[in-house]
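A.B. asks: My structure file target38.cif, mmCIF, C-alpha atoms, is below:
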data_protein
loop_
_atom_site.label_atom_id
_atom_site.label_comp_id
_atom_site.auth_asym_id
_atom_site.auth_seq_id
_atom_site.Cartn_x
_atom_site.Cartn_y
_atom_site.Cartn_z
CA MET A 1 0.00 0.00 0.00
CA VAL A 2 2.81 2.36 0.93
CA GLY A 3 4.59 1.47 -2.31
CA ASP A 4 1.46 2.22 -4.30
CA ASN A 5 1.12 5.60 -2.61
CA VAL A 6 4.75 6.42 -3.34
CA ASN A 7 4.36 5.45 -6.99
CA ALA A 8 1.16 7.47 -7.29
CA SER A 9 2.87 10.49 -5.76
CA LYS A 10 5.83 10.07 -8.12
CA ASN A 11 3.56 9.83 -11.16
CA LEU A 12 1.68 12.94 -10.07
CA ALA A 13 4.95 14.80 -9.55
CA ASP A 14 6.15 13.70 -12.99
CA LYS A 15 2.92 14.96 -14.55
CA GLU A 16 3.17 18.30 -12.76
CA GLU A 17 6.80 18.59 -13.83
CA GLY A 18 5.79 17.81 -17.41
CA LYS A 19 3.10 20.48 -17.28
CA GLY A 20 5.65 22.97 -16.00
CA LYS A 21 7.99 22.14 -18.85
CA ILE A 22 5.23 22.53 -21.41
CA LYS A 23 4.20 25.84 -19.91
CA THR A 24 7.77 27.11 -19.87
CA ALA A 25 8.30 25.99 -23.46
CA THR A 26 5.06 27.65 -24.52
CA LEU A 27 6.02 30.94 -22.87
CA ALA A 28 9.41 30.77 -24.53
CA LEU A 29 7.75 30.09 -27.88
CA ILE A 30 5.41 33.07 -27.44
CA GLY A 31 8.43 35.25 -26.80
CA LEU A 32 10.33 33.71 -29.71
CA MET A 33 7.51 34.36 -32.19
CA ALA A 34 7.18 37.94 -30.90
CA ALA A 35 10.93 38.33 -31.44
CA ILE A 36 10.68 36.91 -34.97
CA THR A 37 7.89 39.39 -35.69
CA CYS A 38 10.14 42.18 -34.40
CA ILE A 39 12.88 41.01 -36.75
CA MET A 40 10.72 40.53 -39.85
CA GLY A 41 8.29 43.42 -39.27
CA PRO A 42 10.73 46.27 -40.08
CA PHE A 43 11.71 44.75 -43.41
CA SER A 44 9.38 46.25 -45.95
CA ILE A 45 9.38 47.27 -49.59
CA PRO A 46 8.17 50.86 -50.08
CA LEU A 47 5.99 51.47 -53.10
CA PRO A 48 6.42 54.80 -54.91
CA PHE A 49 2.72 55.27 -55.60
CA ASN A 50 1.26 54.98 -52.10
CA LEU A 51 1.86 55.20 -48.36
CA VAL A 52 1.60 51.49 -47.55
CA PRO A 53 4.72 49.32 -47.97
CA ILE A 54 4.87 45.59 -48.65
CA SER A 55 5.34 43.92 -45.25
CA LEU A 56 6.19 40.43 -44.02
CA THR A 57 4.30 40.88 -40.76
CA ASN A 58 1.19 39.07 -41.92
CA LEU A 59 3.26 36.09 -43.09
CA VAL A 60 4.78 35.78 -39.62
CA ILE A 61 1.30 35.99 -38.09
CA TYR A 62 0.06 33.14 -40.30
CA PHE A 63 2.92 30.92 -39.14
CA THR A 64 2.45 32.01 -35.52
CA MET A 65 -1.18 30.85 -35.62
CA TYR A 66 -0.12 27.41 -36.81
CA ILE A 67 2.53 27.14 -34.11
CA LEU A 68 0.79 28.74 -31.12
CA GLY A 69 -2.91 28.82 -31.97
CA MET A 70 -5.32 31.71 -31.70
CA LYS A 71 -4.96 32.77 -28.06
CA LYS A 72 -1.22 32.42 -27.58
CA GLY A 73 -0.51 33.62 -31.11
CA THR A 74 -2.55 36.78 -30.60
CA ILE A 75 -0.72 37.41 -27.31
CA SER A 76 2.57 37.06 -29.17
CA TYR A 77 1.51 39.67 -31.74
CA CYS A 78 0.25 42.04 -29.04
CA ILE A 79 3.66 41.80 -27.34
CA TYR A 80 5.23 42.86 -30.64
CA LEU A 81 2.73 45.71 -30.91
CA LEU A 82 3.57 46.94 -27.39
CA ILE A 83 7.30 46.75 -28.12
CA GLY A 84 6.76 49.01 -31.13
CA LEU A 85 4.43 51.28 -29.21
CA VAL A 86 7.10 52.13 -26.63
CA GLY A 87 9.35 53.32 -29.43
CA LEU A 88 11.55 50.43 -30.53
CA PRO A 89 11.94 50.38 -34.35
CA VAL A 90 10.09 47.13 -35.04
CA PHE A 91 7.42 48.44 -37.41
CA SER A 92 7.83 48.77 -41.17
CA ALA A 93 10.89 50.71 -42.36
CA PHE A 94 12.35 50.42 -38.84
CA THR A 95 9.91 52.84 -37.24
CA GLY A 96 8.18 52.76 -33.88
CA GLY A 97 6.30 54.80 -31.32
CA PRO A 98 2.68 55.95 -30.89
CA GLY A 99 2.97 58.18 -33.96
CA LYS A 100 3.19 55.11 -36.17
CA LEU A 101 -0.05 53.69 -34.79
CA LEU A 102 -1.78 57.04 -35.16
CA GLY A 103 -0.39 57.59 -38.65
CA PRO A 104 -1.96 56.60 -41.98
CA THR A 105 -0.80 52.97 -41.84
CA GLY A 106 -1.48 52.44 -38.13
CA GLY A 107 -4.88 50.91 -38.83
CA TYR A 108 -3.24 47.93 -40.48
CA LEU A 109 -1.12 47.29 -37.39
CA ILE A 110 -4.27 47.21 -35.26
CA GLY A 111 -6.04 45.22 -37.95
CA PHE A 112 -3.42 42.48 -37.61
CA ILE A 113 -5.00 41.66 -34.24
CA PHE A 114 -8.21 40.71 -36.05
CA LEU A 115 -6.15 38.79 -38.59
CA ALA A 116 -4.59 36.78 -35.76
CA LEU A 117 -7.92 36.11 -34.04
CA ILE A 118 -9.83 35.06 -37.15
CA SER A 119 -7.12 33.02 -38.86
CA GLY A 120 -6.12 31.50 -35.52
CA PHE A 121 -9.70 30.42 -34.83
CA PHE A 122 -9.96 28.61 -38.17
CA ILE A 123 -6.54 26.99 -37.76
CA ASP A 124 -7.39 25.85 -34.21
CA LYS A 125 -10.71 24.45 -35.34
CA TRP A 126 -9.74 22.91 -38.68
CA GLY A 127 -5.95 22.74 -38.57
CA ASN A 128 -5.68 19.75 -40.91
CA HIS A 129 -8.18 21.06 -43.47
CA MET A 130 -6.18 23.23 -45.84
CA LEU A 131 -9.14 24.86 -47.57
CA LEU A 132 -10.78 25.95 -44.30
CA CYS A 133 -7.46 27.23 -42.94
CA MET A 134 -7.01 29.22 -46.13
CA THR A 135 -10.54 30.56 -45.73
CA GLY A 136 -9.72 31.75 -42.22
CA MET A 137 -6.54 33.48 -43.37
CA VAL A 138 -8.37 35.16 -46.24
CA LEU A 139 -11.21 36.33 -43.99
CA GLY A 140 -8.77 37.59 -41.37
CA THR A 141 -6.83 39.47 -44.03
CA MET A 142 -10.04 41.03 -45.37
CA VAL A 143 -11.05 42.28 -41.91
CA CYS A 144 -7.53 43.61 -41.33
CA TYR A 145 -7.63 45.44 -44.65
CA MET A 146 -11.09 46.83 -43.96
CA PHE A 147 -9.96 48.28 -40.65
CA GLY A 148 -6.71 49.61 -42.12
CA THR A 149 -8.36 51.12 -45.19
CA ILE A 150 -10.95 53.01 -43.17
CA TRP A 151 -8.18 54.46 -41.00
CA LEU A 152 -5.99 55.27 -44.02
CA ALA A 153 -8.89 57.08 -45.72
CA TYR A 154 -9.51 59.12 -42.57
CA GLN A 155 -5.87 59.98 -41.89
CA ALA A 156 -4.87 60.70 -45.49
CA GLN A 157 -8.15 62.50 -46.22
CA MET A 158 -9.01 60.38 -49.25
CA ASN A 159 -12.18 58.54 -50.19
CA PHE A 160 -12.58 54.85 -49.40
CA GLY A 161 -12.06 53.77 -53.01
CA ALA A 162 -8.77 55.64 -53.30
CA ALA A 163 -7.60 54.21 -49.98
CA LEU A 164 -8.55 50.72 -51.17
CA TRP A 165 -6.42 51.14 -54.28
CA ALA A 166 -3.56 52.56 -52.23
CA GLY A 167 -3.56 50.10 -49.35
CA VAL A 168 -5.14 46.86 -50.54
CA ILE A 169 -5.37 46.14 -54.26
CA PRO A 170 -1.61 46.16 -55.04
CA PHE A 171 -0.93 43.73 -52.19
CA LEU A 172 -3.48 41.02 -52.95
CA PRO A 173 -1.26 38.83 -55.21
CA GLY A 174 1.58 38.90 -52.67
CA ASP A 175 -0.77 38.12 -49.80
CA LEU A 176 -2.17 35.15 -51.68
CA ILE A 177 1.37 33.83 -52.10
CA LYS A 178 2.04 34.33 -48.37
CA ILE A 179 -1.15 32.46 -47.47
CA ILE A 180 -0.22 29.54 -49.72
CA ILE A 181 3.30 29.39 -48.23
CA ALA A 182 1.89 29.38 -44.68
CA MET A 183 -0.77 26.83 -45.61
CA LEU A 184 1.84 24.44 -47.03
CA LEU A 185 4.62 24.86 -44.46
CA GLY A 186 2.67 25.77 -41.32
CA PRO A 187 1.25 22.29 -40.61
CA GLN A 188 4.66 20.69 -41.14
CA ILE A 189 6.35 23.03 -38.67
CA ARG A 190 3.53 22.49 -36.15
CA ASN A 191 3.75 18.69 -36.44
CA ARG A 192 7.51 18.69 -35.96
CA LEU A 193 7.22 20.87 -32.86
CA ARG A 194 4.56 18.51 -31.50
CA LYS A 195 6.77 15.49 -32.07
CA ALA A 196 9.58 17.29 -30.29
CA GLY A 197 7.24 17.96 -27.35
CA VAL A 198 7.58 21.73 -27.65
CA ILE A 199 3.84 22.29 -28.18
CA GLU A 200 0.79 20.21 -27.33
#
Render the structure in this file as structure tokens.

C.D. replies:
Amino acid sequence: MVGDNVNASKNLADKEEGKGKIKTATLALIGLMAAITCIMGPFSIPLPFNLVPISLTNLVIYFTMYILGMKKGTISYCIYLLIGLVGLPVFSAFTGGPGKLLGPTGGYLIGFIFLALISGFFIDKWGNHMLLCMTGMVLGTMVCYMFGTIWLAYQAQMNFGAALWAGVIPFLPGDLIKIIIAMLLGPQIRNRLRKAGVIE
């Protein structure tokens, strides 16, 4: 009886230790994905005909949702957003600070939160169904663009159609490519991390 109690206690301790390791690994992964966003976010390609540059931020968000899921992935992006808000140059073209969020392209940065939530929800729910995951990423991108375009139109004092052509239309082919890349590679990365015991 005593031996059984000892074994039970040991098994419970092992489980609690395992949970602690998973939690620590998850926290580290949240920080890592926020750091990757900080690294990739500033790299952008300015376009001569409008105010919105080509950014890799949404690509990182797609991958983050596959790796961390909706809740933890959104937290990771919000950490990145806060880092930029305090002034570190992690936004496009190595900019940062509240002025960036309040500027013409700031709506897209806020819109990425909706992108993370919507795409993350679809990936969490139907992670092995490529078409549904793609649908979630497309819907999330559309909501992000809607939010960003409204803000761009207001800040730049242009009508909605002009803002749409400036901040959305030129980027659609590239975004489709990013979604396809994430859709093809995201599940593979997630499965490898699961096998390694890094994520659940």

A.B. asks: Running the PyMOL selection byres ((chain A and resi 151-160) around 7) on this model by hand, what would come out? Give it as a ChimeraX atom specification.

C.D. replies: /A:103-105,107,147-150,161-164

A.B. asks: Just to be explicit: take each residue in the selection above, keep C-alpha atoms, and write the result as an mmCIF file, in the coordinates of the input.

C.D. replies:
data_model
loop_
_atom_site.group_PDB
_atom_site.id
_atom_site.type_symbol
_atom_site.label_atom_id
_atom_site.label_comp_id
_atom_site.auth_asym_id
_atom_site.auth_seq_id
_atom_site.Cartn_x
_atom_site.Cartn_y
_atom_site.Cartn_z
ATOM 1 C CA GLY A 103 -0.390 57.590 -38.650
ATOM 2 C CA PRO A 104 -1.960 56.600 -41.980
ATOM 3 C CA THR A 105 -0.800 52.970 -41.840
ATOM 4 C CA GLY A 107 -4.880 50.910 -38.830
ATOM 5 C CA PHE A 147 -9.960 48.280 -40.650
ATOM 6 C CA GLY A 148 -6.710 49.610 -42.120
ATOM 7 C CA THR A 149 -8.360 51.120 -45.190
ATOM 8 C CA ILE A 150 -10.950 53.010 -43.170
ATOM 9 C CA GLY A 161 -12.060 53.770 -53.010
ATOM 10 C CA ALA A 162 -8.770 55.640 -53.300
ATOM 11 C CA ALA A 163 -7.600 54.210 -49.980
ATOM 12 C CA LEU A 164 -8.550 50.720 -51.170
#

A.B. asks: Which residues match the PyMOL selection byres ((chain A and resi 52-68) around 7) in the file above, as number ranges by chain?

C.D. replies: A: 33, 37, 40-41, 43-47, 50-51, 69-70, 72-73, 92, 105, 116, 120, 123, 167, 178, 182, 186-187, 190

A.B. asks: Pull the neighbourhood of (-4.6, 42.3, -44.1) for me: all residues within 7 Å in file coordinates, counting all atoms listed in the file, as a PyMOL selection string.

C.D. replies: chain A and resi 58+108+111-112+115+140-145

A.B. asks: I want to know what sits within 6 Å of region 97-99 of chain A, based on only C-alpha atoms, with residues of the same chain fewer than 3 positions away left out; could you give that as an MDAnalysis selection string?

C.D. replies: chainID A and resid 84:87 102:103

A.B. asks: Considering all atoms listed in the file, can you say which of A:Thr24, A:Lys100, A:Leu117, A:Glu200 comes closest to Met137 (chain A)?

C.D. replies: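 Looking at the shortest contact to Met137 (chain A), the residue is A:Leu117.
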
A.B. asks: If you measure from CA of Leu132 (chain A) to CA of Met183 (chain A), what distance in Å do you get, rounded to one decimal?

C.D. replies: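 Distance between the two atoms: 10.1 Å.
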
A.B. asks: Between CA of Ile79 (chain A) and CA of Ala34 (chain A), what is the distance, to one decimal in Å?

C.D. replies: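 The value is 6.3 Å.
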
A.B. asks: Which residue out of A:Cys78, A:Ala25, A:Val90, A:Leu109 has the minimum interatomic distance to Ile39 (chain A) when all atoms listed in the file are used?

C.D. replies: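 Smallest separation from Ile39 (chain A) among the options: A:Val90.
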
A.B. asks: Counting only C-alpha atoms, which residue out of A:Ile177, A:Ile30, A:Ala166, A:Cys133 sits closest to Thr74 (chain A)?

C.D. replies: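 The shortest atom-to-atom distance to Thr74 (chain A) comes from A:Ile30.
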
A.B. asks: Which is closest to Leu101 (chain A) among A:Leu81, A:Ile113, A:Leu184, A:Leu29, if we use only C-alpha atoms?

C.D. replies: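 Under the stated criterion, the closest residue is A:Leu81.
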
A.B. asks: Find the distance between CA of Thr95 (chain A) and CA of Pro173 (chain A) and write it in Å to one decimal.

C.D. replies: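 Calculated distance between CA of Thr95 (chain A) and CA of Pro173 (chain A) is 25.4 Å.
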
A.B. asks: Taking all atoms of region 29-37 of chain A that the file lists, what box with edges along x, y and z, padded by 8 Å per side, do you get, with centre and edge lengths in Å to one decimal, as AutoDock Vina command-line options?

C.D. replies:
--center_x 8.2 --center_y 34.7 --center_z -31.2 --size_x 21.5 --size_y 25.3 --size_z 24.9

A.B. asks: May I ask which of the residues A:Ile110, A:Phe91, A:Ala35, A:Ile179 is the closest one to Met130 (chain A), counting all atoms listed in the file?

C.D. replies: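 The answer is A:Ile179, which sits nearest to Met130 (chain A).
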